[in-house]
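See below for the structure under consideration.
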Amino acid sequence: VLNDITEKKRAEQELRYLANFDTLTGLPNRALLSERLARAIVRARRHDTMVAVLFLDLDRFKEINDSKGHAIGDLALAEAARRFLGATRKEETLARLGGDEFVLIAEGADHRAAALIAARLLQSLSEPLVLMGMPHTIGTSIGIAFYPNDGRTSEELIKHTDIAMYRAKAGGGGYRFYQAEMSTELEKHLDIAQRLGPALEAGQLQLYYQPKIRLATGELLGAEALLRWQDPELGWISPAVFIPVAEQRGMMSRLGDWVLRESCHQLKQWRTEGIAMPGRLSVNVSARQIEDPEVLGRMLEIVHAAGAAPHWLELELTESSMMGNPEHSVEILGLLAAAGFGLSIDDFGTGYSSLSYLKRFSADEIKIDISFVRNMLNDKNDYAIVNAIIAMAHSLGMSTTAEGVELEGQAEALHGMGCDVGQGYLFGRPEAAGVFADKWLRAQCR
Ligand code: C2E
Ligand code: MG
Ligand code: MG
């Protein structure tokens with residue numbers, strides 16, 4: 001009889017554990033978190049104090065999980081949880097919400113205290129995680145919200161920390177406090193995200209083409225394909241707005257595939273019409289696209305299916321996107337170059353790449369960021385930077401393109417510095433395929 005009861009008790013305890021704790025990390029789960037947060041809110045209301053809620057989402061976890069498999073992914077989660085727990089005080093609650101998301105509750109914490117907690121959590125991941133003997137660098141982005149100012153229920157608070165976390169992630173990690181404006185911005189983002197998929201299906205997206213000009217001779221030396229989207233209600237939406245949304249919402253690979261396919265079809269069609277474009281067509285590629293380990297196969301399939309060839313194209317990757325995970329970039333860029341694609345480092349000068357990586361990026365071209373070109377005639381520093389970038393690129397065997405050339409004086413100065421190619425309103429704005437062909441391709445044949 002005695003045995004029976006112990007057995008039953010044990011089973012009961014086990015059930016309670018399973019209902020309230022996460023088996024992988026041993027941390028409280030979503031259910032227990034909600035309960036504890038609700039209780040913390042009641043206490044705070046009674047004593048007129050604050051509750052800080054911190055939402056953590058691991059950076060680069062998906063990469064590890066996708067490339068190394070779920071077993072290693074699980075190890076990473078367990079180890080990250082152990083680090084976070086080590087950085088958590090007794091009176092704080094750390095829970096796993098699911099996936100690679102964690103929440104910490106700190107009763108009585110104000111902005112200053114919450115910032116210190118966030119710093120402790122970030123610091124806990126500063127050393128790489130060692131998984132099956134291999135080091136993996138992982139980070140976390142943290143959103144912070146407070147009871148009562150940012151929300152009065154646990155659902156509202158968690159939702160707002162999630163929004164702030166997204167902003168932290170978009171800004172490259174670290175922590176962010178929730179602000180009411182973030183919600184309106186998020187609504188706009190969701191609106192754009194919901195319209196983008198159907199717009200792609202409905203053929204509302206288009207590529208525009210902007211000429212690239214050899215500065216020494218003024219001749220056409222290629223073009224850049226730039227996305228354009230006109231929504232029936234919202235009007236023109238800039239790629240600078242919708243590309244980041246597509247990246248955040250996991251829609252970038254679909255969109256990127258479409259851009260590449262459309263570019264290849266256009267090049268093929270111009271050839272068929274006997275007005276082949278000289279040089280290569282530059283196509284922008286997002287960091288999200290090269291995170292996919294299958295990216296090379298995927299791109300080659302699209303190019304070949306369209307009857308095009310990799311050497312017709314130059315892939316533009318921004319400097320900052322490559323520096324997110326430079327070792328991975330070196331590897332993927334090497335594969336893309338070996339397959340025949342031209343490679344260009346876009347927006348150069350804004351991404352803090354190191355010279356040692358630059359040498360290993362297998363790029364053919366550097367595009368000098370518009371911000372330096374814009375002021376180069378009146379700002380001595382920008383002038384010196386442009387000059388230095390050109391000299392450095394040439395010494396590494398890469399050619400240079402200056403973007404955003406609007407003035408004759410800029411084109412002359414750039415040419416004087418040895419810059420190879422110019423792109424900007426001075427030569428031509430991005431235009432629809434038909435207009436571009438009339439102005440640049442047919443004119444040339446005449
Ligand atoms: P980006 O690749 O650096 O493209 C150059 C941007 O500068 C384009 O803006 C172009 O219209 C603009 N521009 C060109 N000449 C001038 C000039 O003389 N003066 C000024 N003020 N601007 C000039 P756009 O088309 O709005 O594109 C913005 C960014 O969106 C692009 O920057 C690129 O990062 C991204 N993007 C555009 N299309 C695609 C795409 O198909 N895929 C991806 N992943 N990103 C794209
Ligand atoms: Mg570009
Ligand atoms: Mg650029």
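Chain identifiers are assigned as A, B, and so on, following the order in which chains appear in the structure tokens; residues are numbered from 1 within each chain, and ligands are numbered from 1 in order of appearance.
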* To do: Mind checking which residues fall within 12 Å of A:Arg271, counting only C-alpha atoms, ignoring those fewer than 4 positions away in the same chain, and posting them as a list in words?
  =>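 Counting only C-alpha atoms, the residues come to Cys264, His265, Gln266, Leu267, Ile275, Ala276, Met277, Pro278, Gly307, Ala308, Trp312, Ala437, Leu441 and Arg442 of chain A.
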* Asked: Taking only C-alpha atoms and all ligand atoms into account, which residues are within 8 Å of ligand 2, as a ChimeraX atom specification?
  -> /A:224,226,282-284,316-318,346-347
Keeping N, CA and C atoms for every residue in the selection just given, could you write it to a file as a PDB file, in the first residue's frame?
ATOM      1  N   GLU A 224      22.261  47.530 -63.716  1.00  0.00           N
ATOM      2  CA  GLU A 224      21.850  46.902 -62.460  1.00  0.00           C
ATOM      3  C   GLU A 224      20.342  46.730 -62.481  1.00  0.00           C
ATOM      4  N   LEU A 226      16.939  46.532 -60.575  1.00  0.00           N
ATOM      5  CA  LEU A 226      16.423  47.022 -59.290  1.00  0.00           C
ATOM      6  C   LEU A 226      14.925  46.761 -59.202  1.00  0.00           C
ATOM      7  N   SER A 282      23.921  43.276 -63.276  1.00  0.00           N
ATOM      8  CA  SER A 282      24.114  43.151 -61.827  1.00  0.00           C
ATOM      9  C   SER A 282      22.785  42.859 -61.150  1.00  0.00           C
ATOM     10  N   VAL A 283      22.783  41.844 -60.312  1.00  0.00           N
ATOM     11  CA  VAL A 283      21.578  41.451 -59.583  1.00  0.00           C
ATOM     12  C   VAL A 283      21.895  41.499 -58.095  1.00  0.00           C
ATOM     13  N   ASN A 284      21.043  42.175 -57.332  1.00  0.00           N
ATOM     14  CA  ASN A 284      21.273  42.264 -55.884  1.00  0.00           C
ATOM     15  C   ASN A 284      20.859  40.976 -55.195  1.00  0.00           C
ATOM     16  N   GLU A 316      25.459  41.160 -56.681  1.00  0.00           N
ATOM     17  CA  GLU A 316      25.868  42.219 -55.749  1.00  0.00           C
ATOM     18  C   GLU A 316      25.464  41.839 -54.342  1.00  0.00           C
ATOM     19  N   LEU A 317      26.443  41.782 -53.463  1.00  0.00           N
ATOM     20  CA  LEU A 317      26.163  41.524 -52.051  1.00  0.00           C
ATOM     21  C   LEU A 317      26.665  42.703 -51.254  1.00  0.00           C
ATOM     22  N   THR A 318      25.873  43.180 -50.299  1.00  0.00           N
ATOM     23  CA  THR A 318      26.366  44.335 -49.554  1.00  0.00           C
ATOM     24  C   THR A 318      27.483  43.893 -48.616  1.00  0.00           C
ATOM     25  N   ASP A 346      28.687  45.470 -52.682  1.00  0.00           N
ATOM     26  CA  ASP A 346      27.828  46.651 -52.779  1.00  0.00           C
ATOM     27  C   ASP A 346      27.970  47.528 -51.536  1.00  0.00           C
ATOM     28  N   ASP A 347      27.641  48.805 -51.702  1.00  0.00           N
ATOM     29  CA  ASP A 347      27.628  49.757 -50.580  1.00  0.00           C
ATOM     30  C   ASP A 347      28.929  49.720 -49.804  1.00  0.00           C
TER      31      ASP A 347
END
* Long-range neighbours of A:Tyr209 as number ranges by chain, 12 Å cut-off, only C-alpha atoms, 3 positions minimum in chain -> A: 206, 212, 222-228, 262-263, 266-267, 277, 280-284, 423-424, 428-441
* Asked: Which is closer to ligand 1 than all the others in A:Trp258, A:Tyr357, A:Phe21, A:Phe102, using only C-alpha atoms and all ligand atoms?
  ->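 Smallest separation from ligand 1 among the options: A:Trp258.
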* Asked: So which residues of stretch 189-328 of chain A fall under strand (DSSP E) by DSSP, listed as a PyMOL selection string?
  -> chain A and resi 205-214+220-231+235-237+280-284+313-318
Could the residues in this selection be written to a file with C-alpha atoms, as a compact mmCIF listing (two decimals), in the first residue's frame?
# COMPACT_ATOMS: atom_id res chain seq x y z
CA LEU A 205 6.61 43.45 -59.16
CA GLN A 206 8.93 44.58 -61.90
CA LEU A 207 12.61 44.97 -62.53
CA TYR A 208 13.97 48.32 -63.60
CA TYR A 209 17.37 48.63 -65.24
CA GLN A 210 19.97 51.30 -64.54
CA PRO A 211 22.97 51.69 -66.89
CA LYS A 212 26.57 51.27 -65.75
CA ILE A 213 28.96 53.43 -67.74
CA ARG A 214 32.70 53.10 -68.41
CA LEU A 220 27.51 51.20 -71.69
CA LEU A 221 29.15 48.48 -69.64
CA GLY A 222 26.20 46.68 -68.12
CA ALA A 223 23.25 47.52 -65.91
CA GLU A 224 21.85 46.90 -62.46
CA ALA A 225 18.44 45.27 -62.01
CA LEU A 226 16.42 47.02 -59.29
CA LEU A 227 13.10 45.85 -57.90
CA ARG A 228 10.01 48.02 -58.25
CA TRP A 229 6.63 47.41 -56.67
CA GLN A 230 3.44 49.34 -57.21
CA ASP A 231 0.62 48.37 -54.87
CA GLY A 235 1.31 53.19 -54.44
CA TRP A 236 5.04 52.79 -55.08
CA ILE A 237 6.82 51.01 -52.27
CA ARG A 280 26.99 41.80 -67.21
CA LEU A 281 23.67 42.43 -65.54
CA SER A 282 24.11 43.15 -61.83
CA VAL A 283 21.58 41.45 -59.58
CA ASN A 284 21.27 42.26 -55.88
CA LEU A 313 25.41 38.02 -64.35
CA GLU A 314 27.15 39.83 -61.56
CA LEU A 315 25.81 39.20 -58.07
CA GLU A 316 25.87 42.22 -55.75
CA LEU A 317 26.16 41.52 -52.05
CA THR A 318 26.37 44.33 -49.55
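The closest residue to A:Ile389, picked from A:Ser154, A:Thr401, A:Thr217, A:Thr272 and counting only C-alpha atoms, is A:Thr401.
Computed from the coordinates, the atom 26 (O, counted along the ligand's line) of ligand 1 to atom CA of A:Leu260 distance equals 17.6 Å.
Between atom CA of A:Glu247 and atom CA of A:Val330 the interatomic distance comes to 21.1 Å.
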* Distance query stretch 294-304 of chain A at most 8 Å, only C-alpha atoms, self and fewer than 3 positions along chain excluded, as a VMD selection string -> chain A and resid 257 260 to 261 264 289 to 291 307 to 310 332 335 to 336
Would you save the residues from that selection as a compact mmCIF listing (two decimals), in the first residue's frame, using all heavy atoms?
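In the end it all went to selection-v5.txt:
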# COMPACT_ATOMS: atom_id res chain seq x y z
N ASP A 257 14.67 34.46 -55.82
CA ASP A 257 14.54 33.53 -56.95
C ASP A 257 13.83 34.23 -58.12
O ASP A 257 14.23 34.09 -59.27
CB ASP A 257 13.72 32.29 -56.56
CG ASP A 257 14.52 31.35 -55.67
OD1 ASP A 257 15.71 31.63 -55.43
OD2 ASP A 257 13.95 30.34 -55.22
N LEU A 260 16.13 36.73 -59.89
CA LEU A 260 17.14 36.07 -60.72
C LEU A 260 16.51 35.51 -62.00
O LEU A 260 17.05 35.67 -63.10
CB LEU A 260 17.80 34.95 -59.91
CG LEU A 260 19.00 34.28 -60.58
CD1 LEU A 260 20.11 35.28 -60.80
CD2 LEU A 260 19.51 33.12 -59.72
N ARG A 261 15.35 34.86 -61.85
CA ARG A 261 14.66 34.27 -63.00
C ARG A 261 14.29 35.35 -64.02
O ARG A 261 14.55 35.24 -65.21
CB ARG A 261 13.41 33.53 -62.51
CG ARG A 261 12.81 32.58 -63.53
CD ARG A 261 11.66 31.78 -62.92
NE ARG A 261 12.05 31.03 -61.75
CZ ARG A 261 11.51 31.17 -60.54
NH1 ARG A 261 10.53 32.04 -60.34
NH2 ARG A 261 11.93 30.45 -59.53
N CYS A 264 17.30 36.74 -65.89
CA CYS A 264 17.78 35.82 -66.92
C CYS A 264 16.87 35.85 -68.12
O CYS A 264 17.33 35.88 -69.27
CB CYS A 264 17.86 34.40 -66.36
SG CYS A 264 19.17 34.20 -65.15
N GLN A 289 19.65 35.13 -48.64
CA GLN A 289 19.75 34.16 -49.72
C GLN A 289 21.01 33.31 -49.61
O GLN A 289 20.97 32.12 -49.87
CB GLN A 289 19.72 34.86 -51.08
CG GLN A 289 18.35 35.42 -51.45
CD GLN A 289 18.43 36.32 -52.67
OE1 GLN A 289 18.52 37.53 -52.55
NE2 GLN A 289 18.41 35.73 -53.84
N ILE A 290 22.13 33.94 -49.24
CA ILE A 290 23.36 33.13 -49.18
C ILE A 290 23.48 32.34 -47.88
O ILE A 290 24.37 31.53 -47.72
CB ILE A 290 24.66 33.94 -49.42
CG1 ILE A 290 24.85 35.05 -48.40
CG2 ILE A 290 24.71 34.49 -50.84
CD1 ILE A 290 26.28 35.55 -48.37
N GLU A 291 22.54 32.55 -46.93
CA GLU A 291 22.53 31.72 -45.73
C GLU A 291 22.08 30.30 -46.07
O GLU A 291 22.40 29.35 -45.36
CB GLU A 291 21.55 32.29 -44.69
CG GLU A 291 22.18 33.32 -43.80
CD GLU A 291 21.15 34.06 -42.98
OE1 GLU A 291 20.00 33.58 -42.85
OE2 GLU A 291 21.50 35.13 -42.45
N GLY A 307 17.79 29.37 -69.83
CA GLY A 307 18.64 29.39 -71.03
C GLY A 307 19.70 30.48 -70.96
O GLY A 307 20.19 30.96 -71.97
N ALA A 308 20.07 30.87 -69.74
CA ALA A 308 21.09 31.90 -69.56
C ALA A 308 22.37 31.24 -69.04
O ALA A 308 22.44 30.02 -68.90
CB ALA A 308 20.60 32.96 -68.58
N ALA A 309 23.41 32.04 -68.76
CA ALA A 309 24.66 31.49 -68.23
C ALA A 309 25.13 32.37 -67.07
O ALA A 309 24.90 33.58 -67.08
CB ALA A 309 25.72 31.47 -69.32
N PRO A 310 25.78 31.75 -66.08
CA PRO A 310 26.23 32.51 -64.91
C PRO A 310 27.08 33.73 -65.28
O PRO A 310 26.98 34.77 -64.64
CB PRO A 310 27.05 31.51 -64.11
CG PRO A 310 26.52 30.18 -64.50
CD PRO A 310 26.09 30.31 -65.93
N ILE A 332 30.86 30.57 -49.59
CA ILE A 332 29.79 30.64 -50.61
C ILE A 332 30.25 31.47 -51.80
O ILE A 332 30.01 31.10 -52.97
CB ILE A 332 28.51 31.26 -50.00
CG1 ILE A 332 27.95 30.34 -48.93
CG2 ILE A 332 27.48 31.55 -51.07
CD1 ILE A 332 27.25 29.10 -49.45
N LEU A 335 32.37 29.52 -54.10
CA LEU A 335 31.61 28.58 -54.93
C LEU A 335 30.91 29.30 -56.08
O LEU A 335 30.91 28.83 -57.22
CB LEU A 335 30.55 27.86 -54.07
CG LEU A 335 31.07 26.90 -53.00
CD1 LEU A 335 29.93 26.40 -52.12
CD2 LEU A 335 31.78 25.72 -53.66
N LEU A 336 30.31 30.45 -55.77
CA LEU A 336 29.60 31.20 -56.80
C LEU A 336 30.57 31.67 -57.89
O LEU A 336 30.26 31.60 -59.09
CB LEU A 336 28.86 32.40 -56.18
CG LEU A 336 27.68 32.06 -55.28
CD1 LEU A 336 27.22 33.27 -54.50
CD2 LEU A 336 26.51 31.50 -56.09
Quick one: residues within 10 Å of A:Leu56, only C-alpha atoms, excluding same-chain residues fewer than 5 positions away - as a short mmCIF file (atom, residue, chain, number, x, y, z; two decimals) with all heavy atoms, in the first residue's frame?
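Final file, around10.cif:
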data_model
loop_
_atom_site.label_atom_id
_atom_site.label_comp_id
_atom_site.auth_asym_id
_atom_site.auth_seq_id
_atom_site.Cartn_x
_atom_site.Cartn_y
_atom_site.Cartn_z
N PHE A 84 22.42 31.37 -19.88
CA PHE A 84 21.47 32.41 -19.41
C PHE A 84 21.15 32.21 -17.94
O PHE A 84 21.09 33.16 -17.18
CB PHE A 84 20.17 32.35 -20.22
CG PHE A 84 20.32 32.80 -21.66
CD1 PHE A 84 19.47 32.28 -22.64
CD2 PHE A 84 21.27 33.73 -22.03
CE1 PHE A 84 19.60 32.70 -23.96
CE2 PHE A 84 21.40 34.15 -23.35
CZ PHE A 84 20.56 33.62 -24.31
N ARG A 96 11.69 29.18 -21.06
CA ARG A 96 11.82 28.99 -22.51
C ARG A 96 10.43 29.04 -23.11
O ARG A 96 9.55 28.27 -22.75
CB ARG A 96 12.47 27.65 -22.82
CG ARG A 96 12.55 27.40 -24.31
CD ARG A 96 13.41 26.20 -24.65
NE ARG A 96 13.37 25.91 -26.08
CZ ARG A 96 13.21 24.69 -26.58
NH1 ARG A 96 13.08 23.65 -25.78
NH2 ARG A 96 13.17 24.51 -27.89
N LEU A 97 10.27 29.94 -24.06
CA LEU A 97 8.96 30.15 -24.66
C LEU A 97 8.70 29.11 -25.74
O LEU A 97 7.58 28.79 -26.07
CB LEU A 97 8.94 31.56 -25.27
CG LEU A 97 7.62 32.29 -25.36
CD1 LEU A 97 6.96 32.35 -24.00
CD2 LEU A 97 7.85 33.69 -25.89
N ASP A 100 13.91 29.01 -30.20
CA ASP A 100 15.11 29.61 -29.61
C ASP A 100 14.76 30.89 -28.87
O ASP A 100 15.53 31.82 -28.83
CB ASP A 100 16.17 29.87 -30.69
CG ASP A 100 15.68 30.80 -31.77
OD1 ASP A 100 14.46 31.08 -31.82
OD2 ASP A 100 16.52 31.27 -32.57
N GLU A 101 13.54 30.91 -28.31
CA GLU A 101 13.06 32.10 -27.60
C GLU A 101 12.99 31.87 -26.09
O GLU A 101 12.45 30.86 -25.64
CB GLU A 101 11.67 32.49 -28.11
CG GLU A 101 11.65 32.85 -29.58
CD GLU A 101 10.24 33.02 -30.11
OE1 GLU A 101 9.28 32.58 -29.45
OE2 GLU A 101 10.10 33.58 -31.21
N PHE A 102 13.51 32.84 -25.35
CA PHE A 102 13.51 32.77 -23.90
C PHE A 102 12.94 34.07 -23.34
O PHE A 102 13.01 35.11 -24.01
CB PHE A 102 14.94 32.60 -23.36
CG PHE A 102 15.61 31.33 -23.83
CD1 PHE A 102 16.26 31.29 -25.07
CD2 PHE A 102 15.59 30.18 -23.04
CE1 PHE A 102 16.88 30.11 -25.50
CE2 PHE A 102 16.21 29.01 -23.47
CZ PHE A 102 16.85 28.98 -24.70
N VAL A 103 12.38 33.99 -22.12
CA VAL A 103 11.87 35.20 -21.48
C VAL A 103 12.39 35.26 -20.05
O VAL A 103 12.46 34.24 -19.38
CB VAL A 103 10.32 35.21 -21.49
CG1 VAL A 103 9.79 36.31 -20.58
CG2 VAL A 103 9.79 35.41 -22.90
N LEU A 104 12.77 36.47 -19.63
CA LEU A 104 13.18 36.65 -18.25
C LEU A 104 12.27 37.69 -17.59
O LEU A 104 11.99 38.72 -18.19
CB LEU A 104 14.64 37.10 -18.18
CG LEU A 104 15.26 37.19 -16.78
CD1 LEU A 104 16.71 36.76 -16.82
CD2 LEU A 104 15.16 38.60 -16.21
N ALA A 118 20.21 42.81 -19.15
CA ALA A 118 20.41 42.50 -20.57
C ALA A 118 21.90 42.37 -20.88
O ALA A 118 22.32 41.45 -21.59
CB ALA A 118 19.78 43.60 -21.43
N LEU A 121 23.15 39.04 -19.73
CA LEU A 121 22.73 37.94 -20.61
C LEU A 121 23.55 37.93 -21.90
O LEU A 121 23.99 36.88 -22.36
CB LEU A 121 21.23 38.08 -20.94
CG LEU A 121 20.29 37.89 -19.74
CD1 LEU A 121 18.89 38.40 -20.07
CD2 LEU A 121 20.24 36.41 -19.34
N LEU A 122 23.79 39.12 -22.46
CA LEU A 122 24.58 39.21 -23.70
C LEU A 122 26.00 38.72 -23.44
O LEU A 122 26.58 37.96 -24.21
CB LEU A 122 24.61 40.65 -24.21
CG LEU A 122 23.28 41.17 -24.78
CD1 LEU A 122 23.30 42.69 -24.95
CD2 LEU A 122 22.99 40.50 -26.13
N GLY A 139 24.74 34.56 -30.80
CA GLY A 139 24.43 35.78 -30.06
C GLY A 139 22.96 35.77 -29.70
O GLY A 139 22.26 34.79 -29.91
N THR A 140 22.51 36.89 -29.14
CA THR A 140 21.08 36.97 -28.85
C THR A 140 20.62 38.41 -29.01
O THR A 140 21.40 39.34 -28.84
CB THR A 140 20.76 36.44 -27.43
OG1 THR A 140 19.35 36.44 -27.24
CG2 THR A 140 21.39 37.29 -26.35
N SER A 141 19.37 38.58 -29.40
CA SER A 141 18.77 39.90 -29.47
C SER A 141 17.70 39.97 -28.39
O SER A 141 16.98 39.00 -28.17
CB SER A 141 18.12 40.13 -30.83
OG SER A 141 19.08 39.98 -31.85
N ILE A 142 17.64 41.12 -27.70
CA ILE A 142 16.76 41.22 -26.53
C ILE A 142 15.82 42.41 -26.66
O ILE A 142 16.26 43.51 -26.98
CB ILE A 142 17.60 41.37 -25.24
CG1 ILE A 142 18.62 40.22 -25.12
CG2 ILE A 142 16.70 41.42 -24.01
CD1 ILE A 142 19.53 40.33 -23.90
N GLY A 143 14.53 42.16 -26.43
CA GLY A 143 13.55 43.24 -26.36
C GLY A 143 13.07 43.35 -24.93
O GLY A 143 12.88 42.35 -24.25
N ILE A 144 12.87 44.60 -24.47
CA ILE A 144 12.50 44.81 -23.06
C ILE A 144 11.24 45.66 -22.97
O ILE A 144 11.13 46.68 -23.66
CB ILE A 144 13.64 45.52 -22.29
CG1 ILE A 144 14.97 44.77 -22.51
CG2 ILE A 144 13.31 45.63 -20.81
CD1 ILE A 144 16.19 45.50 -21.94
N THR A 161 7.49 42.99 -25.95
CA THR A 161 8.92 42.64 -25.87
C THR A 161 9.35 41.99 -27.18
O THR A 161 10.48 42.17 -27.64
CB THR A 161 9.22 41.65 -24.73
OG1 THR A 161 8.36 40.52 -24.85
CG2 THR A 161 9.06 42.28 -23.37
N ASP A 162 8.43 41.23 -27.78
CA ASP A 162 8.72 40.56 -29.05
C ASP A 162 8.99 41.60 -30.14
O ASP A 162 9.93 41.50 -30.92
CB ASP A 162 7.52 39.67 -29.41
CG ASP A 162 7.79 38.78 -30.61
OD1 ASP A 162 8.97 38.64 -30.99
OD2 ASP A 162 6.83 38.23 -31.16
N MET A 165 12.27 43.15 -29.57
CA MET A 165 13.33 42.19 -29.92
C MET A 165 13.60 42.22 -31.42
O MET A 165 14.75 42.20 -31.86
CB MET A 165 12.91 40.78 -29.47
CG MET A 165 13.95 39.71 -29.72
SD MET A 165 13.98 39.15 -31.43
CE MET A 165 12.39 38.33 -31.53
N TYR A 166 12.50 42.29 -32.21
CA TYR A 166 12.67 42.35 -33.67
C TYR A 166 13.50 43.55 -34.07
O TYR A 166 14.33 43.50 -34.97
CB TYR A 166 11.30 42.42 -34.37
CG TYR A 166 10.91 41.10 -34.98
CD1 TYR A 166 9.95 40.30 -34.39
CD2 TYR A 166 11.55 40.65 -36.13
CE1 TYR A 166 9.62 39.08 -34.92
CE2 TYR A 166 11.22 39.43 -36.67
CZ TYR A 166 10.26 38.64 -36.06
OH TYR A 166 9.96 37.44 -36.60
N GLY A 174 22.01 42.98 -29.67
CA GLY A 174 21.96 43.84 -28.49
C GLY A 174 20.55 43.90 -27.92
O GLY A 174 19.74 43.02 -28.18
N TYR A 175 20.25 44.96 -27.15
CA TYR A 175 18.90 45.04 -26.58
C TYR A 175 18.24 46.36 -26.95
O TYR A 175 18.90 47.34 -27.27
CB TYR A 175 18.94 44.87 -25.06
CG TYR A 175 19.69 45.96 -24.31
CD1 TYR A 175 19.04 47.13 -23.92
CD2 TYR A 175 21.04 45.81 -23.97
CE1 TYR A 175 19.71 48.13 -23.24
CE2 TYR A 175 21.72 46.80 -23.29
CZ TYR A 175 21.05 47.96 -22.93
OH TYR A 175 21.72 48.94 -22.27
#
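Omitting A:Val51 and its sequence neighbours fewer than 4 positions away, and counting only C-alpha atoms, the residues within 8 Å are Ala40, Ile41, Ala44, Ile105, Ala106, Glu107, Gly108, Ala109, Asp110, Phe146, Tyr147 and Pro148 of chain A.
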Create the file for the chosen residues now, containing N, CA, C and O atoms and written as an mmCIF file, in the first residue's frame.
data_model
loop_
_atom_site.group_PDB
_atom_site.id
_atom_site.type_symbol
_atom_site.label_atom_id
_atom_site.label_comp_id
_atom_site.auth_asym_id
_atom_site.auth_seq_id
_atom_site.Cartn_x
_atom_site.Cartn_y
_atom_site.Cartn_z
ATOM 1 N N ALA A 40 3.304 38.135 -10.841
ATOM 2 C CA ALA A 40 4.191 39.289 -10.652
ATOM 3 C C ALA A 40 3.428 40.590 -10.896
ATOM 4 O O ALA A 40 3.625 41.578 -10.192
ATOM 5 N N ILE A 41 2.528 40.556 -11.891
ATOM 6 C CA ILE A 41 1.744 41.751 -12.198
ATOM 7 C C ILE A 41 0.819 42.099 -11.041
ATOM 8 O O ILE A 41 0.695 43.267 -10.649
ATOM 9 N N ALA A 44 2.886 43.659 -8.350
ATOM 10 C CA ALA A 44 3.346 44.999 -8.721
ATOM 11 C C ALA A 44 2.205 46.014 -8.598
ATOM 12 O O ALA A 44 2.410 47.142 -8.179
ATOM 13 N N ILE A 105 11.812 37.384 -16.377
ATOM 14 C CA ILE A 105 10.988 38.330 -15.629
ATOM 15 C C ILE A 105 11.809 38.849 -14.456
ATOM 16 O O ILE A 105 12.386 38.051 -13.714
ATOM 17 N N ALA A 106 11.864 40.176 -14.313
ATOM 18 C CA ALA A 106 12.574 40.761 -13.175
ATOM 19 C C ALA A 106 11.634 41.725 -12.464
ATOM 20 O O ALA A 106 11.339 42.797 -12.980
ATOM 21 N N GLU A 107 11.165 41.316 -11.280
ATOM 22 C CA GLU A 107 10.223 42.162 -10.544
ATOM 23 C C GLU A 107 10.961 43.344 -9.929
ATOM 24 O O GLU A 107 12.069 43.192 -9.432
ATOM 25 N N GLY A 108 10.352 44.520 -10.018
ATOM 26 C CA GLY A 108 10.925 45.706 -9.392
ATOM 27 C C GLY A 108 12.042 46.357 -10.197
ATOM 28 O O GLY A 108 12.602 47.369 -9.777
ATOM 29 N N ALA A 109 12.382 45.796 -11.358
ATOM 30 C CA ALA A 109 13.505 46.354 -12.128
ATOM 31 C C ALA A 109 13.055 47.561 -12.951
ATOM 32 O O ALA A 109 12.017 47.513 -13.606
ATOM 33 N N ASP A 110 13.843 48.644 -12.911
ATOM 34 C CA ASP A 110 13.564 49.806 -13.759
ATOM 35 C C ASP A 110 14.460 49.734 -15.005
ATOM 36 O O ASP A 110 15.128 48.711 -15.218
ATOM 37 N N PHE A 146 8.040 47.022 -19.883
ATOM 38 C CA PHE A 146 7.764 47.126 -18.447
ATOM 39 C C PHE A 146 6.272 47.162 -18.151
ATOM 40 O O PHE A 146 5.518 47.824 -18.881
ATOM 41 N N TYR A 147 5.903 46.473 -17.069
ATOM 42 C CA TYR A 147 4.597 46.715 -16.478
ATOM 43 C C TYR A 147 4.774 47.920 -15.571
ATOM 44 O O TYR A 147 5.773 47.977 -14.860
ATOM 45 N N PRO A 148 3.916 48.904 -15.498
ATOM 46 C CA PRO A 148 2.647 49.010 -16.216
ATOM 47 C C PRO A 148 2.739 49.840 -17.499
ATOM 48 O O PRO A 148 1.782 49.867 -18.260
#
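Among the candidates A:Glu127, A:Glu403, A:Asp48, A:Glu319, the one nearest to A:Ile345 when counting only C-alpha atoms is A:Glu319.
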* Asked: Rounded to one decimal in Å, what is the spacing between atom CA of A:Ala391 and atom CA of A:Gly349?
  ->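 According to the coordinates, atom CA of A:Ala391 and atom CA of A:Gly349 are separated by 13.5 Å.
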* List every residue of stretch 19-160 of chain A that DSSP, applied to the backbone, labels as helix (DSSP H, G or I), and write the result as number ranges by chain. => A: 19-20, 30-47, 61-68, 70-86, 111-123, 154-160
* Structure fact -> Using only C-alpha atoms and all ligand atoms, the shortest atom-to-atom distance to ligand 1 among A:Phe61, A:Tyr425, A:Trp270, A:Phe177 belongs to A:Tyr425
* Near A:Leu215, within 10 Å and counting only C-alpha atoms, which residues show up once chain neighbours fewer than 3 positions away are dropped, as a ChimeraX atom specification? -> /A:212,218-221,401-402,411-412,414-416,418-423
* Asked: From the list A:Val373, A:Val386, A:Ala193, A:Leu18, which residue is nearest ligand 3 when using only C-alpha atoms and all ligand atoms?
  ->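 Checking each of A:Val373, A:Val386, A:Ala193, A:Leu18 against ligand 3, counting only C-alpha atoms and all ligand atoms, the winner is A:Val373.
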* Asked: Nearest to A:Ala164: which of A:Ala216, A:Ala384, A:Leu54, A:Ile117 is it, counting only C-alpha atoms?
  ->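 The closest residue to A:Ala164 is A:Leu54.
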